[in-house]
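Asks: Just query-v2.pdb, nothing more (PDB, C-alpha atoms):
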ATOM      1  CA  MET A 173     -14.598  -2.689  34.722
ATOM      2  CA  LEU A 174     -17.107  -3.552  32.035
ATOM      3  CA  ALA A 175     -19.870  -5.994  32.906
ATOM      4  CA  PHE A 176     -21.064  -8.455  30.291
ATOM      5  CA  GLY A 177     -24.499  -9.953  29.900
ATOM      6  CA  THR A 178     -25.118 -13.664  29.352
ATOM      7  CA  THR A 179     -26.634 -13.354  25.903
ATOM      8  CA  GLY A 180     -24.989 -15.437  23.182
ATOM      9  CA  CYS A 181     -22.342 -18.164  23.249
ATOM     10  CA  THR A 182     -18.608 -17.756  23.660
ATOM     11  CA  GLY A 183     -17.650 -19.780  20.621
ATOM     12  CA  SER A 184     -19.154 -17.519  17.946
ATOM     13  CA  PRO A 185     -20.028 -13.845  17.434
ATOM     14  CA  ALA A 186     -22.887 -12.708  19.669
ATOM     15  CA  GLU A 187     -24.460  -9.318  19.125
ATOM     16  CA  ALA A 188     -26.028  -7.321  21.962
ATOM     17  CA  THR A 189     -28.593  -4.605  21.394
ATOM     18  CA  GLU A 190     -27.961  -2.599  24.591
ATOM     19  CA  HIS A 191     -24.770  -1.431  26.220
ATOM     20  CA  PRO A 192     -24.235  -3.481  29.420
ATOM     21  CA  GLY A 193     -23.723  -0.389  31.566
ATOM     22  CA  GLY A 194     -21.785   2.832  31.902
ATOM     23  CA  ASP A 195     -20.982   5.490  29.340
ATOM     24  CA  PRO A 196     -19.611   4.219  25.988
ATOM     25  CA  VAL A 197     -17.498   7.380  25.583
ATOM     26  CA  ALA A 198     -15.896   6.887  29.007
ATOM     27  CA  ALA A 199     -15.291   3.203  28.286
ATOM     28  CA  VAL A 200     -13.398   3.973  25.085
ATOM     29  CA  ARG A 201     -11.449   6.883  26.565
ATOM     30  CA  GLY A 202     -10.373   4.619  29.434
ATOM     31  CA  ALA A 203      -8.928   1.893  27.178
ATOM     32  CA  ALA A 204      -5.378   3.287  27.315
ATOM     33  CA  ASP A 205      -5.426   3.361  31.124
ATOM     34  CA  ALA A 206      -6.727  -0.221  31.217
ATOM     35  CA  LEU A 207      -3.876  -1.224  28.926
ATOM     36  CA  SER A 208      -1.328   0.531  31.146
ATOM     37  CA  ARG A 209      -2.630  -1.338  34.203
ATOM     38  CA  THR A 210      -2.048  -4.588  32.335
ATOM     39  CA  GLY A 211       1.610  -3.676  31.820
ATOM     40  CA  SER A 212       2.511  -5.382  28.546
ATOM     41  CA  SER A 213       1.336  -7.679  25.771
ATOM     42  CA  ARG A 214       2.153  -9.185  22.437
ATOM     43  CA  ALA A 215       0.775  -7.320  19.433
ATOM     44  CA  ARG A 216      -0.016  -7.606  15.736
ATOM     45  CA  THR A 217      -0.378  -4.666  13.384
ATOM     46  CA  ALA A 218      -1.642  -4.217   9.852
ATOM     47  CA  MET A 219      -1.690  -1.064   7.759
ATOM     48  CA  GLU A 220      -3.748  -1.058   4.559
ATOM     49  CA  MET A 221      -3.087   1.784   2.122
ATOM     50  CA  THR A 222      -5.396   2.306  -0.852
ATOM     51  CA  SER A 223      -4.766   4.750  -3.676
ATOM     52  CA  GLY A 224      -6.079   4.755  -7.225
ATOM     53  CA  GLY A 225      -7.603   1.300  -6.829
ATOM     54  CA  THR A 226      -4.351  -0.262  -5.582
ATOM     55  CA  ARG A 227      -4.221  -1.702  -2.059
ATOM     56  CA  VAL A 228      -1.001  -2.427  -0.168
ATOM     57  CA  THR A 229      -0.848  -4.041   3.292
ATOM     58  CA  VAL A 230       2.129  -3.829   5.672
ATOM     59  CA  ARG A 231       2.098  -6.252   8.632
ATOM     60  CA  GLY A 232       3.979  -6.308  11.907
ATOM     61  CA  THR A 233       4.348  -8.520  14.982
ATOM     62  CA  GLY A 234       5.963  -7.801  18.321
ATOM     63  CA  GLY A 235       5.381  -6.738  21.904
ATOM     64  CA  PHE A 236       4.955  -3.553  23.952
ATOM     65  CA  ASP A 237       5.393  -2.284  27.489
ATOM     66  CA  TYR A 238       2.497   0.116  28.048
ATOM     67  CA  THR A 239       3.831   1.606  31.273
ATOM     68  CA  GLN A 240       7.080   2.775  29.637
ATOM     69  CA  GLY A 241       5.768   3.389  26.120
ATOM     70  CA  VAL A 242       8.377   1.136  24.529
ATOM     71  CA  GLY A 243       8.100  -1.825  22.215
ATOM     72  CA  ARG A 244       9.344  -3.718  19.207
ATOM     73  CA  LEU A 245       7.767  -4.613  15.884
ATOM     74  CA  ASP A 246       9.120  -6.719  13.033
ATOM     75  CA  VAL A 247       7.476  -5.172   9.981
ATOM     76  CA  VAL A 248       7.128  -7.041   6.690
ATOM     77  CA  LEU A 249       6.664  -5.063   3.498
ATOM     78  CA  PRO A 250       4.619  -6.485   0.604
ATOM     79  CA  GLN A 251       6.690  -8.756  -1.648
ATOM     80  CA  ALA A 252       9.767  -8.142   0.506
ATOM     81  CA  LYS A 253      12.563 -10.675  -0.083
ATOM     82  CA  GLY A 254      15.004  -9.650   2.648
ATOM     83  CA  ASP A 255      14.802  -9.434   6.418
ATOM     84  CA  PRO A 256      11.853  -7.609   7.976
ATOM     85  CA  ILE A 257      12.305  -4.053   9.169
ATOM     86  CA  THR A 258      12.869  -3.997  12.932
ATOM     87  CA  GLU A 259      11.214  -1.038  14.631
ATOM     88  CA  LEU A 260      11.909  -0.075  18.249
ATOM     89  CA  GLN A 261       9.412   2.382  19.686
ATOM     90  CA  ALA A 262      10.370   4.702  22.550
ATOM     91  CA  PRO A 263       8.952   7.969  23.894
ATOM     92  CA  GLY A 264       9.503  10.553  21.168
ATOM     93  CA  ALA A 265      11.647   8.264  19.016
ATOM     94  CA  LEU A 266      11.480   5.463  16.478
ATOM     95  CA  TYR A 267      14.550   3.302  15.729
ATOM     96  CA  MET A 268      14.578   1.284  12.505
ATOM     97  CA  LYS A 269      16.937  -1.435  11.266
ATOM     98  CA  ASN A 270      17.036  -2.916   7.761
ATOM     99  CA  ARG A 271      15.400   0.306   6.701
ATOM    100  CA  GLY A 272      17.276   0.428   3.388
ATOM    101  CA  ALA A 273      17.814   3.723   1.524
ATOM    102  CA  GLY A 274      21.570   3.601   2.111
ATOM    103  CA  VAL A 275      21.541   2.806   5.837
ATOM    104  CA  PRO A 276      24.269   0.229   6.663
ATOM    105  CA  ARG A 277      22.865  -3.117   7.784
ATOM    106  CA  ASP A 278      24.564  -2.877  11.177
ATOM    107  CA  LYS A 279      23.205   0.605  11.903
ATOM    108  CA  TRP A 280      19.902   1.931  13.248
ATOM    109  CA  LEU A 281      18.022   4.891  11.827
ATOM    110  CA  ARG A 282      16.566   7.172  14.513
ATOM    111  CA  LEU A 283      13.532   9.359  13.827
ATOM    112  CA  ASP A 284      12.165  12.018  16.155
ATOM    113  CA  THR A 285       8.433  11.234  16.172
ATOM    114  CA  THR A 286       7.595  14.667  17.576
ATOM    115  CA  ARG A 287       8.885  16.179  14.301
ATOM    116  CA  LEU A 288       7.096  13.857  11.883
ATOM    117  CA  THR A 289       4.079  15.520  10.305
ATOM    118  CA  ASP A 290       1.945  12.461  11.059
ATOM    119  CA  GLY A 291       3.429  11.798  14.514
ATOM    120  CA  ASN A 292       4.467   8.340  13.269
ATOM    121  CA  LEU A 293       0.841   7.242  12.931
ATOM    122  CA  VAL A 294       1.161   6.264   9.272
ATOM    123  CA  SER A 295       4.471   6.979   7.552
ATOM    124  CA  ASN A 296       6.525   4.003   8.773
ATOM    125  CA  GLY A 297       4.123   1.173   8.094
ATOM    126  CA  ALA A 298       2.588   0.760  11.555
ATOM    127  CA  THR A 299       0.692   2.751  14.140
ATOM    128  CA  ASP A 300       2.329   1.374  17.251
ATOM    129  CA  PRO A 301      -0.191  -0.233  19.637
ATOM    130  CA  CYS A 302       0.697   2.201  22.449
ATOM    131  CA  THR A 303      -0.267   5.192  20.328
ATOM    132  CA  ALA A 304      -3.290   3.425  18.840
ATOM    133  CA  ALA A 305      -4.736   3.114  22.343
ATOM    134  CA  GLU A 306      -3.704   6.649  23.336
ATOM    135  CA  LEU A 307      -5.602   8.007  20.320
ATOM    136  CA  LEU A 308      -8.819   6.742  21.902
ATOM    137  CA  ARG A 309      -8.488   9.305  24.693
ATOM    138  CA  GLY A 310      -9.951  11.837  22.259
ATOM    139  CA  ALA A 311     -13.027   9.704  21.497
ATOM    140  CA  ARG A 312     -16.420  11.313  20.981
ATOM    141  CA  GLU A 313     -19.630  10.469  19.142
ATOM    142  CA  VAL A 314     -19.169   6.858  20.281
ATOM    143  CA  GLU A 315     -21.708   4.244  19.210
ATOM    144  CA  PHE A 316     -22.022   0.849  20.897
ATOM    145  CA  VAL A 317     -22.258  -1.613  18.001
ATOM    146  CA  GLY A 318     -22.697  -4.846  19.995
ATOM    147  CA  ALA A 319     -20.963  -7.746  21.701
ATOM    148  CA  THR A 320     -18.922 -10.224  19.681
ATOM    149  CA  VAL A 321     -16.075 -12.717  20.093
ATOM    150  CA  LEU A 322     -12.437 -12.235  19.032
ATOM    151  CA  ASP A 323      -9.991 -15.133  19.382
ATOM    152  CA  GLY A 324     -12.331 -16.801  21.867
ATOM    153  CA  VAL A 325     -12.697 -13.658  24.017
ATOM    154  CA  ARG A 326     -16.016 -11.867  24.395
ATOM    155  CA  VAL A 327     -15.626  -8.164  23.623
ATOM    156  CA  LEU A 328     -17.715  -5.030  23.229
ATOM    157  CA  HIS A 329     -17.497  -3.313  19.864
ATOM    158  CA  TYR A 330     -17.543   0.494  19.737
ATOM    159  CA  ARG A 331     -17.426   2.803  16.743
ATOM    160  CA  GLY A 332     -16.858   6.530  16.687
ATOM    161  CA  VAL A 333     -14.590   9.472  16.027
ATOM    162  CA  THR A 334     -11.524  10.549  17.957
ATOM    163  CA  ASP A 335     -10.178  14.075  17.968
ATOM    164  CA  LEU A 336      -6.394  14.318  17.511
ATOM    165  CA  ASP A 337      -6.029  17.542  19.467
ATOM    166  CA  ARG A 338      -8.082  16.256  22.403
ATOM    167  CA  ALA A 339      -6.133  12.989  22.384
ATOM    168  CA  ALA A 340      -2.827  14.883  22.459
ATOM    169  CA  GLN A 341      -3.955  16.973  25.417
ATOM    170  CA  SER A 342      -5.050  13.888  27.388
ATOM    171  CA  ALA A 343      -2.285  11.484  26.320
ATOM    172  CA  SER A 344       0.265   9.835  28.572
ATOM    173  CA  PRO A 345       3.571  11.765  28.627
ATOM    174  CA  PHE A 346       5.342   9.272  26.336
ATOM    175  CA  ALA A 347       2.747   9.742  23.558
ATOM    176  CA  ARG A 348       1.973  13.436  23.918
ATOM    177  CA  GLY A 349       4.664  14.849  21.609
ATOM    178  CA  ALA A 350       3.905  12.524  18.699
ATOM    179  CA  LEU A 351       0.158  13.126  18.938
ATOM    180  CA  ARG A 352       0.697  16.878  19.037
ATOM    181  CA  ALA A 353       2.723  16.587  15.832
ATOM    182  CA  ALA A 354      -0.080  14.563  14.239
ATOM    183  CA  ALA A 355      -2.693  17.106  15.352
ATOM    184  CA  GLU A 356      -0.699  19.846  13.628
ATOM    185  CA  GLY A 357       0.260  17.830  10.552
ATOM    186  CA  PHE A 358      -2.987  16.126   9.510
ATOM    187  CA  ALA A 359      -5.393  18.061   7.309
ATOM    188  CA  GLU A 360      -8.327  16.841   9.434
ATOM    189  CA  ASP A 361      -8.471  16.575  13.221
ATOM    190  CA  GLU A 362     -10.981  13.717  13.262
ATOM    191  CA  VAL A 363     -10.054  10.044  12.917
ATOM    192  CA  GLN A 364     -12.689   7.332  12.643
ATOM    193  CA  PHE A 365     -12.200   4.202  14.755
ATOM    194  CA  ASP A 366     -13.548   0.811  15.735
ATOM    195  CA  ALA A 367     -12.501  -0.447  19.168
ATOM    196  CA  TYR A 368     -13.103  -3.877  20.718
ATOM    197  CA  LEU A 369     -12.728  -3.912  24.527
ATOM    198  CA  ASP A 370     -12.713  -6.950  26.822
ATOM    199  CA  GLU A 371     -14.374  -7.271  30.236
ATOM    200  CA  ARG A 372     -11.483  -5.390  31.880
ATOM    201  CA  GLY A 373     -11.784  -2.499  29.444
ATOM    202  CA  ARG A 374      -8.581  -3.465  27.646
ATOM    203  CA  PRO A 375      -8.430  -3.079  23.883
ATOM    204  CA  ARG A 376      -8.220  -6.375  22.031
ATOM    205  CA  LYS A 377      -8.428  -4.750  18.627
ATOM    206  CA  VAL A 378      -8.357  -1.119  17.482
ATOM    207  CA  ARG A 379      -8.804   0.047  13.921
ATOM    208  CA  HIS A 380      -8.262   3.665  12.835
ATOM    209  CA  ARG A 381      -9.024   5.145   9.418
ATOM    210  CA  PHE A 382      -6.971   8.068   8.106
ATOM    211  CA  THR A 383      -7.125  10.044   4.862
ATOM    212  CA  LEU A 384      -3.910  11.539   3.479
ATOM    213  CA  THR A 385      -3.881  14.107   0.682
ATOM    214  CA  GLU A 386      -0.195  14.604  -0.094
ATOM    215  CA  GLY A 387      -0.092  14.673  -3.890
ATOM    216  CA  ARG A 388      -3.012  12.268  -4.241
ATOM    217  CA  ALA A 389      -5.656  10.917  -1.890
ATOM    218  CA  VAL A 390      -4.570   7.867   0.092
ATOM    219  CA  SER A 391      -6.929   5.983   2.390
ATOM    220  CA  VAL A 392      -5.218   4.255   5.317
ATOM    221  CA  ALA A 393      -6.703   1.716   7.718
ATOM    222  CA  SER A 394      -4.429   0.896  10.646
ATOM    223  CA  THR A 395      -5.222  -2.082  12.887
ATOM    224  CA  SER A 396      -3.613  -3.082  16.198
ATOM    225  CA  GLU A 397      -4.404  -6.374  17.955
ATOM    226  CA  TYR A 398      -3.447  -7.131  21.573
ATOM    227  CA  PHE A 399      -2.963 -10.576  23.161
ATOM    228  CA  ASP A 400      -0.825 -12.488  25.697
ATOM    229  CA  PHE A 401      -1.285  -9.754  28.299
ATOM    230  CA  GLY A 402       1.386  -9.556  30.994
ATOM    231  CA  ARG A 403       4.039 -11.243  28.887
ATOM    232  CA  PRO A 404       7.450  -9.597  29.543
ATOM    233  CA  VAL A 405       8.682  -7.400  26.697
ATOM    234  CA  PRO A 406      12.411  -6.685  26.981
ATOM    235  CA  VAL A 407      13.436  -3.791  24.724
ATOM    236  CA  ARG A 408      17.043  -2.609  24.500
ATOM    237  CA  LEU A 409      17.484   0.656  22.656
ATOM    238  CA  PRO A 410      20.535   1.075  20.386
ATOM    239  CA  ASP A 411      23.771   2.530  21.700
ATOM    240  CA  PRO A 412      24.636   5.971  20.257
ATOM    241  CA  ALA A 413      27.530   4.441  18.277
ATOM    242  CA  ASP A 414      25.085   2.135  16.488
ATOM    243  CA  ILE A 415      22.849   4.937  15.189
ATOM    244  CA  TYR A 416      23.258   6.038  11.581
ATOM    245  CA  ALA A 417      24.308   9.697  11.325
ATOM    246  CA  GLY A 418      23.573  10.200   7.628
ATOM    247  CA  THR A 419      20.393  11.182   5.816
ATOM    248  CA  VAL A 420      17.866   9.023   3.957
ATOM    249  CA  ALA A 421      14.968   9.527   1.629
ATOM    250  CA  ALA A 422      11.515   9.961   3.148
ATOM    251  CA  SER A 423       9.416   6.846   3.794
TER     252      SER A 423
END
Spit out the file's structure as structure tokens when you get a sec.
Replies:
Amino acid sequence: MLAFGTTGCTGSPAEATEHPGGDPVAAVRGAADALSRTGSSRARTAMEMTSGGTRVTVRGTGGFDYTQGVGRLDVVLPQAKGDPITELQAPGALYMKNRGAGVPRDKWLRLDTTRLTDGNLVSNGATDPCTAAELLRGAREVEFVGATVLDGVRVLHYRGVTDLDRAAQSASPFARGALRAAAEGFAEDEVQFDAYLDERGRPRKVRHRFTLTEGRAVSVASTSEYFDFGRPVPVRLPDPADIYAGTVAAS
């Protein structure tokens, strides 16, 4: 457990100059385990993609069970007029509804995340909060930035680099295959991050920064926010008959 000092007030950001105790690297690497002990939470995601001076942001809301590695996000695309895309996350799989590209509205599209070149970290508009935390298991070169307040909760802010290959080796079983795919598919093994951990070591906010170079350089900043810890998150995966068997264009 992280111990907090008494410097600053709880109603506004309060910076600390010294880490309150323990190893910052160990604190960040332990965030996924702290999340698993919590069980579940609500979550918000945002993915900002910048290319050629144009910025696009995709947002999602939902909930996740961190012991099973399952969850649901309703993802809203910029300027979208129809229903949001529903994404169900499961170990090794992503199910999407209202995906478009010829998929019938009553069918789900299933993707094998262990075969995606990015391990589903970027390509489908959200880095799911389970995987965002698991990525921190590869943290190194961690800097303690200071203490601040997020949504009325005092947190410790860390900044550093996580190694995809190390994260894949240390990941929980449900995340290991996708992270291995990302480690093989990304041009660079290092991912920059900012992590905000509460007094129990749980992530309240995690932000990763990726650089993609397929065709042209694309900068991606993926943010996951965690709140309402312990709230039940029922997730029912689609029946085989409800899964689309055809092919679609890439995301």
Asks: Interatomic distance between atom CA of Ala206 of chain A and atom CA of Ala218 of chain A?
Replies: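 About the pair atom CA of Ala206 of chain A and atom CA of Ala218 of chain A: they are 22.3 Å apart.
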Asks: So how many Å separate atom CA of Phe236 of chain A and atom CA of Gln251 of chain A, to one decimal?
Replies: 26.2 Å
Asks: For the PyMOL selection byres ((chain A and resi 230-233) around 7), applied here, can you spell out every residue it catches as a count of residues only?
Replies: 16
Asks: Can you tell me how far atom CA of Met268 of chain A sits from atom CA of Arg227 of chain A, in Å to one decimal?
Replies: 24.0 Å
Asks: Taking the file above as input, evaluate the PyMOL selection byres ((chain A and resi 305) around 8) and report the hits as a ChimeraX atom specification.
Replies: /A:203-204,207,301-304,306-309,375,378
Asks: Please identify all polymer residues within 7 Å of Gly402 of chain A, counting only C-alpha atoms, omitting same-chain residues fewer than 2 positions from it, and present them as a tab-separated table (two decimals) with C-alpha atoms, keeping the file's coordinate frame.
Replies:
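out_2.tsv written:
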chain	number	residue	atom	x	y	z
A	210	THR	CA	-2.05	-4.59	32.34
A	211	GLY	CA	1.61	-3.68	31.82
A	212	SER	CA	2.51	-5.38	28.55
A	213	SER	CA	1.34	-7.68	25.77
A	400	ASP	CA	-0.82	-12.49	25.70
A	404	PRO	CA	7.45	-9.60	29.54
Asks: Ranking A:Arg271, A:Arg381, A:Pro412, A:Gly310 by minimum distance to Gly254 of chain A and counting all atoms listed in the file, which one comes first?
Replies: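 Looking at the shortest contact to Gly254 of chain A, the residue is A:Arg271.
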Asks: Would you be able to write out as a list in words which residues have an atom within 9 Å of (-5.5, 7.0, 3.8) in the file's coordinates, counting only C-alpha atoms?
Replies: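 The residues that fall inside the cut-off are Glu220, Met221, Thr222, Ser223, Val294, Arg381, Phe382, Thr383, Leu384, Thr385, Ala389, Val390, Ser391, Val392 and Ala393 of chain A.
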Asks: Specify as a list in words each residue included when the PyMOL selection byres ((chain A and resi 406) around 9) is applied to this file.
Replies: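 With the shown file as input, the PyMOL selection byres ((chain A and resi 406) around 9) matches Gly235, Phe236, Asp237, Gly243, Arg244, Pro404, Val405, Val407 and Arg408 of chain A.
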Asks: I need the residue nearest Leu293 of chain A from this list: A:Tyr368, A:Tyr238, A:His380, A:Asp278. Use only C-alpha atoms for the distance.
Replies: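 Closest to Leu293 of chain A, using only C-alpha atoms: A:His380.
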Asks: Using all atoms listed in the file, which protein or nucleic acid residues come within 8 Å of Arg331 of chain A? Drop anything in the same chain fewer than 6 positions from it, and give the result as a list in words.
Replies: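 Residues meeting the cut-off are Val314, Glu315, Phe316, Val317, Gln364, Phe365, Asp366 and Ala367 of chain A.
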Asks: So which residues touch segment 347-361 of chain A within 7 Å, counting all atoms listed in the file, skipping near sequence neighbours fewer than 6 positions away, as an MDAnalysis selection string?
Replies: chainID A and resid 263:264 285:292 303 335:337 340
Asks: Measuring between only C-alpha atoms, which one of A:Gly241, A:Glu190, A:Lys253, A:Arg282 shows the shortest distance to Ser208 of chain A?
Replies: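 Distance minimum relative to Ser208 of chain A lands on A:Gly241.
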